[in-house]
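Structure below is final22.cif: mmCIF, C-alpha atoms and all ligand atoms.
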```
data_run
loop_
_atom_site.label_atom_id
_atom_site.label_comp_id
_atom_site.auth_asym_id
_atom_site.auth_seq_id
_atom_site.Cartn_x
_atom_site.Cartn_y
_atom_site.Cartn_z
CA MET A 28 -18.64 16.50 6.41
CA SER A 29 -16.17 18.92 4.85
CA LEU A 30 -13.35 17.71 7.09
CA GLU A 31 -13.59 14.39 5.25
CA GLN A 32 -14.34 15.72 1.80
CA PHE A 33 -12.22 18.78 1.28
CA SER A 34 -10.10 19.58 -1.79
CA ILE A 35 -6.91 21.60 -2.07
CA ILE A 36 -6.63 24.41 -4.59
CA GLU A 37 -2.88 24.77 -4.82
CA SER A 38 -2.00 28.33 -5.73
CA THR A 39 1.82 28.34 -5.74
CA LEU A 40 1.58 29.09 -9.46
CA ARG A 41 -0.79 32.03 -8.86
CA GLU A 42 -0.68 33.50 -5.32
CA GLY A 43 2.85 32.07 -4.99
CA GLU A 44 3.97 33.95 -8.09
CA GLN A 45 3.02 37.12 -6.20
CA PHE A 46 5.72 36.35 -3.61
CA VAL A 47 8.52 38.88 -3.85
CA GLY A 48 11.20 36.24 -4.49
CA ALA A 49 9.24 34.28 -7.11
CA ASN A 50 10.14 34.64 -10.75
CA PHE A 51 9.24 31.25 -12.18
CA THR A 52 10.44 30.29 -15.64
CA SER A 53 8.20 28.14 -17.84
CA ASP A 54 10.34 25.17 -16.88
CA ASP A 55 10.00 25.96 -13.15
CA LYS A 56 6.23 26.10 -13.58
CA LEU A 57 6.13 22.71 -15.26
CA ARG A 58 8.28 21.18 -12.51
CA ILE A 59 6.02 22.66 -9.83
CA ALA A 60 2.82 21.59 -11.60
CA ASP A 61 4.12 18.04 -12.10
CA ALA A 62 5.27 17.76 -8.48
CA LEU A 63 1.95 19.07 -7.16
CA ASP A 64 0.11 16.62 -9.39
CA GLU A 65 2.24 13.77 -8.04
CA PHE A 66 1.59 14.91 -4.49
CA GLY A 67 -2.09 14.66 -5.34
CA VAL A 68 -3.60 18.12 -4.97
CA GLU A 69 -7.03 18.24 -6.56
CA TYR A 70 -6.60 21.63 -8.30
CA ILE A 71 -3.74 23.80 -9.50
CA GLU A 72 -4.43 27.52 -9.92
CA LEU A 73 -2.39 29.51 -12.45
CA THR A 74 -1.65 33.19 -12.82
CA SER A 75 -3.96 35.15 -15.08
CA PRO A 76 -3.16 34.72 -18.79
CA LEU A 77 -3.32 38.51 -19.03
CA ALA A 78 -0.32 38.95 -16.73
CA SER A 79 2.17 38.54 -19.61
CA PRO A 80 2.45 36.79 -22.99
CA GLN A 81 4.45 33.96 -21.39
CA SER A 82 1.82 33.56 -18.66
CA PHE A 83 -0.75 32.98 -21.42
CA GLU A 84 1.46 30.38 -23.13
CA ASP A 85 2.23 28.62 -19.83
CA CYS A 86 -1.46 28.44 -18.98
CA LYS A 87 -2.14 26.72 -22.30
CA THR A 88 0.78 24.31 -21.89
CA ILE A 89 -0.15 23.28 -18.35
CA ALA A 90 -3.84 22.99 -19.25
CA ARG A 91 -2.92 20.54 -22.03
CA ARG A 92 -0.44 18.51 -19.97
CA GLY A 93 -2.93 15.81 -19.01
CA LEU A 94 -2.37 16.13 -15.26
CA LYS A 95 -4.79 14.52 -12.83
CA SER A 96 -5.11 17.80 -10.93
CA LYS A 97 -7.71 20.09 -12.49
CA ILE A 98 -6.19 23.25 -13.92
CA LEU A 99 -7.69 26.64 -13.09
CA THR A 100 -6.75 30.18 -13.90
CA HIS A 101 -7.51 33.33 -11.95
CA ILE A 102 -8.87 36.56 -13.42
CA ARG A 103 -10.42 39.91 -12.62
CA CYS A 104 -14.11 40.41 -13.28
CA HIS A 105 -13.71 41.74 -16.84
CA LEU A 106 -15.09 40.42 -20.10
CA ASP A 107 -11.69 40.78 -21.77
CA ASP A 108 -10.07 38.69 -19.04
CA ALA A 109 -12.80 36.10 -19.33
CA LYS A 110 -12.31 35.81 -23.10
CA LYS A 111 -8.56 35.36 -22.79
CA ALA A 112 -8.95 32.82 -19.99
CA LEU A 113 -11.31 30.73 -22.12
CA GLU A 114 -8.70 30.60 -24.89
CA THR A 115 -6.23 28.84 -22.60
CA GLY A 116 -8.31 25.65 -22.39
CA VAL A 117 -8.26 25.47 -18.57
CA GLN A 118 -10.96 23.44 -16.82
CA GLY A 119 -12.03 26.21 -14.52
CA ILE A 120 -11.88 29.98 -14.07
CA ASP A 121 -11.62 31.71 -10.70
CA LEU A 122 -13.06 35.23 -10.82
CA VAL A 123 -12.40 37.75 -8.10
CA ILE A 124 -13.72 41.24 -7.39
CA GLY A 125 -13.15 43.52 -4.40
CA THR A 126 -16.15 44.12 -2.15
CA SER A 127 -14.71 46.05 0.81
CA SER A 128 -15.06 49.82 0.76
CA TYR A 129 -11.24 50.05 0.67
CA LEU A 130 -11.00 48.15 -2.58
CA ARG A 131 -14.16 49.48 -4.15
CA GLU A 132 -13.12 53.07 -3.45
CA PHE A 133 -9.34 53.02 -3.84
CA SER A 134 -8.80 50.22 -6.35
CA LEU A 135 -11.88 49.62 -8.48
CA GLY A 136 -13.82 52.89 -8.19
CA LEU A 137 -17.11 50.97 -8.08
CA ALA A 138 -20.22 51.15 -5.93
CA MET A 139 -21.62 47.87 -4.64
CA GLU A 140 -24.44 47.91 -7.24
CA GLN A 141 -21.85 48.13 -9.99
CA VAL A 142 -19.85 45.27 -8.46
CA ILE A 143 -22.96 43.11 -8.53
CA ASP A 144 -23.90 44.10 -12.11
CA ARG A 145 -20.42 43.49 -13.42
CA SER A 146 -20.07 40.12 -11.67
CA VAL A 147 -23.40 38.91 -13.01
CA GLU A 148 -22.56 40.16 -16.52
CA VAL A 149 -19.17 38.44 -16.77
CA LEU A 150 -20.32 35.19 -15.18
CA THR A 151 -23.44 35.04 -17.33
CA TRP A 152 -21.31 35.49 -20.44
CA LEU A 153 -18.85 32.79 -19.35
CA ARG A 154 -21.58 30.34 -18.46
CA ALA A 155 -23.17 30.86 -21.87
CA GLN A 156 -19.88 30.11 -23.64
CA SER A 157 -19.14 26.95 -21.74
CA PRO A 158 -21.71 25.08 -19.66
CA ASP A 159 -19.07 22.64 -18.35
CA LEU A 160 -16.51 25.18 -17.23
CA ILE A 161 -15.92 25.17 -13.45
CA LEU A 162 -16.84 28.73 -12.50
CA ARG A 163 -15.81 30.28 -9.23
CA PHE A 164 -16.75 33.70 -7.90
CA SER A 165 -14.83 35.25 -5.01
CA THR A 166 -15.07 38.47 -3.01
CA GLU A 167 -11.69 40.03 -2.35
CA ASP A 168 -11.26 41.40 1.19
CA SER A 169 -14.38 39.57 2.40
CA PHE A 170 -13.67 40.21 6.07
CA ARG A 171 -13.61 43.99 5.68
CA SER A 172 -16.73 43.94 3.52
CA GLU A 173 -20.27 44.47 4.82
CA GLU A 174 -21.85 41.07 5.37
CA ALA A 175 -25.09 42.28 3.76
CA ASP A 176 -23.12 43.29 0.63
CA LEU A 177 -21.45 39.89 0.47
CA PHE A 178 -24.72 38.03 0.65
CA ARG A 179 -26.32 40.32 -1.94
CA VAL A 180 -23.61 39.64 -4.48
CA TYR A 181 -23.42 35.90 -3.66
CA LEU A 182 -27.17 35.48 -4.16
CA ALA A 183 -27.15 37.43 -7.42
CA VAL A 184 -24.29 35.35 -8.75
CA ASP A 185 -25.80 32.09 -7.51
CA ARG A 186 -28.63 32.55 -9.99
CA VAL A 187 -26.11 32.49 -12.85
CA GLY A 188 -24.97 29.04 -11.83
CA VAL A 189 -21.47 29.25 -10.35
CA ASN A 190 -19.90 26.03 -9.10
CA ARG A 191 -18.01 27.56 -6.22
CA PHE A 192 -17.97 30.64 -4.04
CA GLY A 193 -14.74 32.06 -2.71
CA ILE A 194 -14.28 33.82 0.61
CA ALA A 195 -10.96 35.65 0.73
CA ASP A 196 -9.20 36.95 3.81
CA THR A 197 -7.02 39.16 1.65
CA VAL A 198 -5.34 41.07 4.47
CA GLY A 199 -5.10 38.31 7.09
CA VAL A 200 -7.46 40.03 9.51
CA ALA A 201 -9.90 37.16 10.11
CA THR A 202 -10.03 34.87 13.12
CA PRO A 203 -11.28 31.26 13.22
CA MET A 204 -14.58 32.24 14.85
CA ARG A 205 -15.32 34.90 12.23
CA VAL A 206 -14.41 32.53 9.42
CA TYR A 207 -16.69 29.87 10.87
CA ARG A 208 -19.57 32.33 11.11
CA LEU A 209 -19.25 33.67 7.58
CA VAL A 210 -18.75 30.28 5.96
CA SER A 211 -21.59 28.62 7.82
CA GLY A 212 -23.86 31.59 6.98
CA LEU A 213 -23.09 31.17 3.29
CA ARG A 214 -23.39 27.39 3.61
CA ARG A 215 -27.01 27.80 4.67
CA MET A 216 -27.77 30.07 1.70
CA VAL A 217 -26.23 28.30 -1.29
CA LYS A 218 -25.69 24.77 -2.54
CA ALA A 219 -22.48 25.40 -4.50
CA ASP A 220 -19.03 24.58 -3.15
CA ILE A 221 -17.27 27.07 -0.89
CA GLU A 222 -13.57 27.93 -1.04
CA PHE A 223 -11.50 29.73 1.58
CA HIS A 224 -8.38 31.75 0.78
CA GLY A 225 -6.56 33.08 3.83
CA HIS A 226 -3.53 35.32 4.24
CA ASN A 227 -1.23 34.89 7.22
CA ASP A 228 -0.44 38.43 8.36
CA SER A 229 -1.57 37.72 11.91
CA GLY A 230 -0.70 34.01 11.98
CA CYS A 231 -4.22 32.57 11.64
CA ALA A 232 -4.09 31.22 8.07
CA ILE A 233 -4.05 27.52 8.93
CA ALA A 234 -6.52 27.80 11.81
CA ASN A 235 -8.82 29.90 9.64
CA ALA A 236 -8.69 27.31 6.85
CA PHE A 237 -9.56 24.58 9.32
CA SER A 238 -12.40 26.64 10.73
CA ALA A 239 -13.70 27.22 7.21
CA LEU A 240 -13.91 23.46 6.71
CA GLU A 241 -15.68 23.04 10.04
CA GLY A 242 -18.15 25.69 8.89
CA GLY A 243 -18.90 23.82 5.67
CA ALA A 244 -16.26 24.99 3.17
CA THR A 245 -15.22 22.40 0.60
CA HIS A 246 -12.02 23.85 -0.88
CA ILE A 247 -8.91 25.41 0.69
CA ASP A 248 -6.30 27.52 -1.10
CA THR A 249 -2.66 26.83 -0.28
CA SER A 250 0.80 27.53 -1.61
CA ILE A 251 4.04 25.69 -1.00
CA LEU A 252 5.70 27.15 2.12
CA GLY A 253 2.79 29.61 2.14
CA ILE A 254 4.45 31.94 -0.38
CA GLY A 255 2.37 34.82 -1.68
CA GLU A 256 1.85 38.55 -1.28
CA ARG A 257 3.59 39.87 1.88
CA ASN A 258 4.05 36.88 4.22
CA GLY A 259 1.70 34.72 2.19
CA ILE A 260 -1.21 32.35 2.73
CA THR A 261 -2.05 28.96 4.27
CA PRO A 262 0.98 26.77 3.57
CA LEU A 263 0.39 23.41 1.90
CA GLY A 264 2.49 21.57 4.51
CA GLY A 265 0.77 23.39 7.38
CA LEU A 266 -2.67 22.48 6.11
CA ILE A 267 -1.55 18.88 5.63
CA ALA A 268 -0.20 18.77 9.21
CA ARG A 269 -3.47 20.19 10.53
CA MET A 270 -5.65 17.76 8.57
CA TYR A 271 -3.43 14.76 9.34
CA ALA A 272 -3.68 15.57 13.05
CA THR A 273 -7.46 15.22 12.70
CA ASN A 274 -7.61 12.20 10.39
CA PRO A 275 -4.27 10.55 9.51
CA ALA A 276 -5.81 7.67 7.55
CA LEU A 277 -7.69 10.03 5.24
CA ILE A 278 -4.68 12.25 4.57
CA LYS A 279 -2.37 9.28 3.95
CA LYS A 280 -4.85 8.00 1.40
CA LYS A 281 -5.48 11.33 -0.31
CA TYR A 282 -1.92 12.59 -0.75
CA ARG A 283 1.57 11.19 -1.37
CA LEU A 284 3.00 12.63 1.80
CA LYS A 285 6.59 11.56 1.20
CA LYS A 286 6.75 14.04 -1.69
CA LEU A 287 6.20 17.02 0.60
CA ARG A 288 9.81 17.51 1.60
CA LYS A 289 11.03 17.66 -2.01
CA LEU A 290 8.25 20.09 -2.88
CA ASP A 291 9.21 22.44 -0.04
CA GLU A 292 12.90 22.18 -0.89
CA MET A 293 12.38 22.72 -4.61
CA VAL A 294 10.26 25.84 -4.20
CA ALA A 295 12.48 27.24 -1.42
CA THR A 296 15.44 26.99 -3.80
CA MET A 297 13.53 28.50 -6.71
CA VAL A 298 12.44 31.55 -4.72
CA GLY A 299 15.70 31.95 -2.83
CA VAL A 300 14.62 31.29 0.77
CA GLY A 301 15.46 28.64 3.34
CA ILE A 302 12.88 26.35 4.93
CA PRO A 303 12.22 27.88 8.38
CA PHE A 304 13.55 25.74 11.27
CA ASN A 305 10.06 25.58 12.75
CA ASN A 306 8.24 24.80 9.52
CA TYR A 307 5.39 22.30 9.69
CA ILE A 308 6.70 18.76 9.00
CA THR A 309 9.76 19.77 6.97
CA GLY A 310 11.44 22.23 9.35
CA VAL A 311 14.75 20.88 10.66
CA THR A 312 13.49 20.73 14.26
CA ALA A 313 9.97 19.46 13.53
CA PHE A 314 10.76 15.98 14.88
CA THR A 315 13.62 16.74 17.29
CA HIS A 316 13.15 15.90 20.96
CA LYS A 317 15.39 17.27 23.65
CA ALA A 318 14.40 17.16 27.34
CA GLY A 319 15.21 13.92 29.15
CA ILE A 320 11.58 13.39 30.14
CA HIS A 321 10.44 13.73 26.53
CA SER A 322 13.23 11.54 25.18
CA LYS A 323 12.45 8.69 27.57
CA ALA A 324 8.79 8.68 26.64
CA ILE A 325 9.53 8.99 22.91
CA LEU A 326 11.81 5.97 23.12
CA ASN A 327 9.00 3.98 24.73
CA ASN A 328 6.25 5.23 22.46
CA PRO A 329 6.67 8.15 20.03
CA GLU A 330 2.97 8.99 20.23
CA THR A 331 3.59 10.38 23.72
CA TYR A 332 4.94 13.57 22.16
CA GLU A 333 4.15 13.30 18.44
CA ILE A 334 0.81 13.71 16.71
CA LEU A 335 2.47 13.36 13.30
CA ASN A 336 4.41 10.22 12.48
CA PRO A 337 7.58 11.40 10.70
CA ARG A 338 7.84 8.09 8.86
CA ASP A 339 4.64 8.85 6.96
CA PHE A 340 6.49 11.85 5.52
CA GLY A 341 9.74 9.97 4.91
CA ILE A 342 11.44 11.89 7.73
CA THR A 343 13.40 10.56 10.73
CA ARG A 344 12.91 11.75 14.27
CA TYR A 345 15.95 12.86 16.21
CA ILE A 346 16.74 12.86 19.91
CA SER A 347 19.19 15.51 20.99
CA ILE A 348 21.32 14.34 23.94
CA ALA A 349 24.34 16.64 24.16
CA HIS A 350 23.01 19.19 26.66
CA LYS A 351 22.21 19.72 30.32
CA LEU A 352 18.57 18.69 30.00
CA THR A 353 19.55 15.24 28.80
CA GLY A 354 18.31 12.04 30.43
CA TRP A 355 19.89 8.63 30.95
CA ASN A 356 17.39 6.70 28.84
CA ALA A 357 18.36 8.66 25.76
CA VAL A 358 22.07 8.35 26.63
CA LYS A 359 21.60 4.59 26.98
CA ASP A 360 19.98 4.46 23.57
CA ARG A 361 23.01 6.26 22.13
CA ALA A 362 25.39 3.80 23.86
CA GLU A 363 23.47 0.95 22.25
CA GLN A 364 23.77 2.61 18.84
CA LEU A 365 27.53 2.84 19.36
CA GLY A 366 27.73 -0.74 20.61
CA VAL A 367 29.21 0.36 23.94
CA GLY A 368 28.02 -2.02 26.66
CA LEU A 369 27.44 -0.16 29.95
CA THR A 370 25.28 -0.97 32.96
CA ASP A 371 22.43 1.33 33.88
CA ASP A 372 24.44 2.67 36.80
CA GLN A 373 27.33 3.48 34.53
CA ILE A 374 25.00 5.19 32.05
CA LYS A 375 23.62 7.30 34.91
CA ASP A 376 27.18 8.27 35.83
CA VAL A 377 27.98 9.30 32.26
CA THR A 378 24.72 11.26 32.13
CA ALA A 379 25.68 13.20 35.29
CA HIS A 380 29.01 13.90 33.67
CA ILE A 381 27.41 15.15 30.45
CA LYS A 382 25.21 17.53 32.45
CA ALA A 383 28.19 18.87 34.42
CA LEU A 384 30.17 19.37 31.24
CA ALA A 385 27.25 21.11 29.54
CA ASP A 386 27.07 23.50 32.49
CA GLN A 387 30.67 24.52 31.66
CA LYS A 388 30.53 24.79 27.87
CA ARG A 389 28.57 24.10 24.74
CA ILE A 390 28.97 20.40 23.90
CA ASP A 391 28.05 18.26 20.92
CA ILE A 392 27.38 14.62 20.12
CA ASN A 393 31.12 13.90 19.76
CA ASP A 394 31.71 14.91 23.40
CA VAL A 395 28.95 12.53 24.47
CA ASP A 396 30.33 9.69 22.34
CA GLU A 397 33.81 10.24 23.71
CA LEU A 398 32.54 10.01 27.30
CA LEU A 399 30.65 6.82 26.52
CA PHE A 400 33.73 5.17 25.03
CA ARG A 401 35.84 6.33 27.97
CA TRP A 402 33.36 4.81 30.45
CA ALA A 403 33.43 1.45 28.68
CA ASP A 404 35.21 -1.33 30.52
CA PRO A 405 37.96 -1.49 29.38
CA PRO A 406 37.94 2.13 28.10
CA THR A 407 37.91 2.23 24.32
CA GLU A 408 39.32 4.80 21.91
CA MET A 409 36.59 6.50 19.96
CA PRO A 410 36.70 5.01 16.43
CA ASP A 411 37.56 7.34 13.57
CA GLU A 412 34.44 6.35 11.76
CA LYS A 413 31.54 8.35 13.20
CA VAL A 414 28.19 6.75 13.93
CA ALA A 415 25.45 9.02 12.63
CA PRO A 416 23.82 11.03 15.44
CA ALA A 417 21.01 9.51 17.36
CA ASN A 418 18.30 9.15 14.77
CA VAL A 419 15.65 7.28 16.57
CA ASN A 420 13.20 5.06 14.82
CA ALA A 421 11.71 4.17 18.13
CA LYS A 422 9.65 1.05 18.56
C1 LIG B 1 -5.27 38.74 -5.46
C2 LIG B 1 -6.13 38.72 -4.25
C3 LIG B 1 -6.45 37.38 -3.67
C4 LIG B 1 -7.60 36.70 -4.40
C5 LIG B 1 -8.20 35.54 -3.68
C6 LIG B 1 -9.34 34.86 -4.39
C7 LIG B 1 -6.85 37.70 -2.22
O1 LIG B 1 -5.78 38.65 -6.56
O2 LIG B 1 -4.05 38.86 -5.28
O3 LIG B 1 -9.36 34.85 -5.62
O4 LIG B 1 -10.22 34.34 -3.71
O5 LIG B 1 -6.10 37.39 -1.31
O6 LIG B 1 -7.90 38.30 -2.05
O7 LIG B 1 -5.32 36.56 -3.67
CU CU B 2 -4.40 36.22 -1.82
#
```
Could you write out this file's structure as structure tokens?
Ligand code: HCA
Ligand code: CU
Amino acid sequence: MSLEQFSIIESTLREGEQFVGANFTSDDKLRIADALDEFGVEYIELTSPLASPQSFEDCKTIARRGLKSKILTHIRCHLDDAKKALETGVQGIDLVIGTSSYLREFSLGLAMEQVIDRSVEVLTWLRAQSPDLILRFSTEDSFRSEEADLFRVYLAVDRVGVNRFGIADTVGVATPMRVYRLVSGLRRMVKADIEFHGHNDSGCAIANAFSALEGGATHIDTSILGIGERNGITPLGGLIARMYATNPALIKKKYRLKKLRKLDEMVATMVGVGIPFNNYITGVTAFTHKAGIHSKAILNNPETYEILNPRDFGITRYISIAHKLTGWNAVKDRAEQLGVGLTDDQIKDVTAHIKALADQKRIDINDVDELLFRWADPPTEMPDEKVAPANVNAK
């Protein structure tokens, strides 16, 4: 059910602000919020209004902006935080408190009983102030907390009437199986929505988010490019790739996928990083095919080696042909792009030549083009005007 009905809580403007390179101005925040809204995320989470005076002002401005995405802010479990958050006019407040012994001992200095009492106190107060506020309660470091402690605090808080429970893999220690077990356990106990927030320290953030949905979670936290503390959380694009692979029609309907590339590029620039070459969807090699066997099949039917259709994301696939693994079908396609008429036998000859040349040195698309023109009958000079490399919008 959740795989069809999930919502994204986009936390670039909260968890993402905790990325070492992030230092968003008010204007940056508005640009990010507007772009996320256009993309179609259901919720946007903002840094606590207590973080700084400007954070408070920005929360108010974004809350009043009339975006379709619901605006949330994120606070500690303190009455003072709750009061300030209410003043911002956001639609929902995400509360978090540490429940692992690490955080209770070395950060909060609270026993589990005190964690429960404080959570109930703050949530009860908030609920009394505003019956319509979307209230979320989350346990920081859930996967290094005692399961019995988690369920005790969840049940106590459930009686106050929270809309959503959060499970947070704060240190990136969880695995898909563990996430599935914890989420489905909670799913059986409470009726409220369930959110999963997963860090990526051991590379499981996307898989864990997916597993959470399979276990009955309803909301997933993301940030653009995954930015956040340390190496960050489930990336928006990665979650989109994962969910599209399961149900393309749903994802195409829910989100404006062609906006993803601009979002990734904009935030990469703002925080001073490049988009990794192997990034989901927007990485420079995400739709590049190389080996001859792959290229041939891609030219016949791209679904042979692609579960994501680049066109849905406004991106073009690319077939790389200037190397020793090349194949004659891809070389033929390039000859057709250049308008060089060669028979299949001739193309096979050129291909053998390309491979031999690539064994000697590193070659590029210009070397291939030159060979193709030379093989033409009569041989033709390569024109000055270059034909763009073999972007393939295969049949
Ligand atoms: C933090 C910790 C947090 C909170 C997640 C949540 C985490 O405040 O930086 O509110 O569910 O990873 O535990 O991001
Ligand atoms: Cu986090």
Could you give me, as CSV, a per-residue list for chain A showing, wherever an atom lies at most 10 Å from an atom of ligand LIG 1 (chain B), the closest pair of atoms and their distance in Å to one decimal, using all atoms listed in the file and sorting by chain then residue number from low to high?
```
residue,atom,partner,partner_atom,distance
A:Ser38,CA,B:LIG1,O7,9.1
A:Arg41,CA,B:LIG1,O7,8.2
A:Glu42,CA,B:LIG1,O7,5.8
A:Gly43,CA,B:LIG1,O7,9.4
A:Glu44,CA,B:LIG1,O2,9.8
A:Gln45,CA,B:LIG1,O2,7.3
A:Glu72,CA,B:LIG1,O3,9.8
A:Thr74,CA,B:LIG1,O1,9.3
A:Ser75,CA,B:LIG1,O1,9.4
A:Thr100,CA,B:LIG1,O3,9.9
A:His101,CA,B:LIG1,O3,6.8
A:Ile102,CA,B:LIG1,O1,7.8
A:Arg103,CA,B:LIG1,O1,7.7
A:Asp121,CA,B:LIG1,O3,6.4
A:Leu122,CA,B:LIG1,O3,6.4
A:Val123,CA,B:LIG1,O3,4.9
A:Ile124,CA,B:LIG1,O3,7.9
A:Gly125,CA,B:LIG1,O6,7.8
A:Arg163,CA,B:LIG1,O3,8.7
A:Phe164,CA,B:LIG1,O4,7.8
A:Ser165,CA,B:LIG1,O4,4.9
A:Thr166,CA,B:LIG1,O4,6.4
A:Glu167,CA,B:LIG1,O6,4.2
A:Asp168,CA,B:LIG1,O6,5.6
A:Ser169,CA,B:LIG1,O6,8.0
A:Phe192,CA,B:LIG1,O4,8.6
A:Gly193,CA,B:LIG1,O4,5.2
A:Ile194,CA,B:LIG1,O4,6.0
A:Ala195,CA,B:LIG1,O4,4.7
A:Asp196,CA,B:LIG1,O5,6.0
A:Thr197,CA,B:LIG1,O5,3.6
A:Val198,CA,B:LIG1,O5,6.9
A:Gly199,CA,B:LIG1,O5,8.5
A:Glu222,CA,B:LIG1,O4,7.7
A:Phe223,CA,B:LIG1,O4,7.1
A:His224,CA,B:LIG1,O4,5.5
A:Gly225,CA,B:LIG1,O5,6.7
A:His226,CA,B:LIG1,O5,6.5
A:Asp248,CA,B:LIG1,O4,8.3
A:Gly255,CA,B:LIG1,O7,8.1
A:Glu256,CA,B:LIG1,O2,7.1
A:Gly259,CA,B:LIG1,O5,9.0
A:Ile260,CA,B:LIG1,O5,8.1
```
Of the candidates A:Glu37, A:Asp396, A:Asp108, A:Glu173, which one gets nearest to ligand CU 2 (chain B) if we count only C-alpha atoms and all ligand atoms?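 Of all the options, A:Glu37 lies closest to ligand CU 2 (chain B).
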Write out as a VMD selection string which residues come within 12 Å of region 405-408 of chain A when counting all atoms listed in the file, dropping same-chain ones fewer than 5 positions away. chain A and resid 365 to 369 396 to 400
Record the distance separating CA of Cys104 (chain A) and CA of Lys87 (chain A), expressed in Å with one decimal.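 Here the two named atoms are 20.3 Å from each other.
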Quick one, how far is CA of Glu330 (chain A) from CA of Ala349 (chain A)? 23.0 Å
What is the distance, in Å and to one decimal place, between CA of Lys286 (chain A) and CA of Ala313 (chain A)?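 Separating CA of Lys286 (chain A) from CA of Ala313 (chain A) is a distance of 16.5 Å.
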Counting all atoms listed in the file, the residue of A:Arg145, A:Arg171, A:Thr52, A:Ile254 that sits nearest ligand CU 2 (chain B):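 Counting all atoms listed in the file, the residue closest to ligand CU 2 (chain B) is A:Ile254.
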Neighbour list for Asp185 (chain A) as a PyMOL selection string, cut-off 8 Å, only C-alpha atoms, skip fewer than 4 positions in-chain: chain A and resi 181+189+217
Point (-14.1, 26.9, 7.3), cut-off 9 Å, counting only C-alpha atoms, residues as a VMD selection string: chain A and resid 29 203 206 to 211 221 to 223 234 to 247
Based on the selection just made, write C-alpha atoms of those residues as a PDB file, in the frame of the given file.
```
ATOM      1  CA  SER A  29     -16.170  18.920   4.850  1.00  0.00           C
ATOM      2  CA  PRO A 203     -11.280  31.260  13.220  1.00  0.00           C
ATOM      3  CA  VAL A 206     -14.410  32.530   9.420  1.00  0.00           C
ATOM      4  CA  TYR A 207     -16.690  29.870  10.870  1.00  0.00           C
ATOM      5  CA  ARG A 208     -19.570  32.330  11.110  1.00  0.00           C
ATOM      6  CA  LEU A 209     -19.250  33.670   7.580  1.00  0.00           C
ATOM      7  CA  VAL A 210     -18.750  30.280   5.960  1.00  0.00           C
ATOM      8  CA  SER A 211     -21.590  28.620   7.820  1.00  0.00           C
ATOM      9  CA  ILE A 221     -17.270  27.070  -0.890  1.00  0.00           C
ATOM     10  CA  GLU A 222     -13.570  27.930  -1.040  1.00  0.00           C
ATOM     11  CA  PHE A 223     -11.500  29.730   1.580  1.00  0.00           C
ATOM     12  CA  ALA A 234      -6.520  27.800  11.810  1.00  0.00           C
ATOM     13  CA  ASN A 235      -8.820  29.900   9.640  1.00  0.00           C
ATOM     14  CA  ALA A 236      -8.690  27.310   6.850  1.00  0.00           C
ATOM     15  CA  PHE A 237      -9.560  24.580   9.320  1.00  0.00           C
ATOM     16  CA  SER A 238     -12.400  26.640  10.730  1.00  0.00           C
ATOM     17  CA  ALA A 239     -13.700  27.220   7.210  1.00  0.00           C
ATOM     18  CA  LEU A 240     -13.910  23.460   6.710  1.00  0.00           C
ATOM     19  CA  GLU A 241     -15.680  23.040  10.040  1.00  0.00           C
ATOM     20  CA  GLY A 242     -18.150  25.690   8.890  1.00  0.00           C
ATOM     21  CA  GLY A 243     -18.900  23.820   5.670  1.00  0.00           C
ATOM     22  CA  ALA A 244     -16.260  24.990   3.170  1.00  0.00           C
ATOM     23  CA  THR A 245     -15.220  22.400   0.600  1.00  0.00           C
ATOM     24  CA  HIS A 246     -12.020  23.850  -0.880  1.00  0.00           C
ATOM     25  CA  ILE A 247      -8.910  25.410   0.690  1.00  0.00           C
TER      26      ILE A 247
END
```
Do you know which residues lie at most 12 Å from (-4.2, 18.0, 9.1), with coordinates as in the file and all atoms listed in the file counted, and could you write them as a PyMOL selection string? chain A and resi 30-31+33+233-234+236-237+240+262-279+281-282+284+307-308+334-335
Completed region 107-114 of chain A (N, CA and C atoms) as an mmCIF file, in the coordinates of the input:
```
data_model
loop_
_atom_site.group_PDB
_atom_site.id
_atom_site.type_symbol
_atom_site.label_atom_id
_atom_site.label_comp_id
_atom_site.auth_asym_id
_atom_site.auth_seq_id
_atom_site.Cartn_x
_atom_site.Cartn_y
_atom_site.Cartn_z
ATOM 1 N N ASP A 107 -12.935 41.041 -21.011
ATOM 2 C CA ASP A 107 -11.690 40.780 -21.770
ATOM 3 C C ASP A 107 -10.871 39.689 -21.101
ATOM 4 N N ASP A 108 -10.797 39.730 -19.779
ATOM 5 C CA ASP A 108 -10.070 38.690 -19.040
ATOM 6 C C ASP A 108 -10.728 37.334 -19.265
ATOM 7 N N ALA A 109 -12.053 37.348 -19.198
ATOM 8 C CA ALA A 109 -12.800 36.100 -19.330
ATOM 9 C C ALA A 109 -12.552 35.465 -20.705
ATOM 10 N N LYS A 110 -12.529 36.321 -21.731
ATOM 11 C CA LYS A 110 -12.310 35.810 -23.100
ATOM 12 C C LYS A 110 -10.934 35.166 -23.215
ATOM 13 N N LYS A 111 -9.933 35.860 -22.709
ATOM 14 C CA LYS A 111 -8.560 35.360 -22.790
ATOM 15 C C LYS A 111 -8.419 34.062 -21.988
ATOM 16 N N ALA A 112 -9.050 34.015 -20.830
ATOM 17 C CA ALA A 112 -8.950 32.820 -19.990
ATOM 18 C C ALA A 112 -9.559 31.610 -20.707
ATOM 19 N N LEU A 113 -10.663 31.836 -21.389
ATOM 20 C CA LEU A 113 -11.310 30.730 -22.120
ATOM 21 C C LEU A 113 -10.387 30.159 -23.193
ATOM 22 N N GLU A 114 -9.619 31.049 -23.828
ATOM 23 C CA GLU A 114 -8.700 30.600 -24.890
ATOM 24 C C GLU A 114 -7.618 29.659 -24.403
#
```
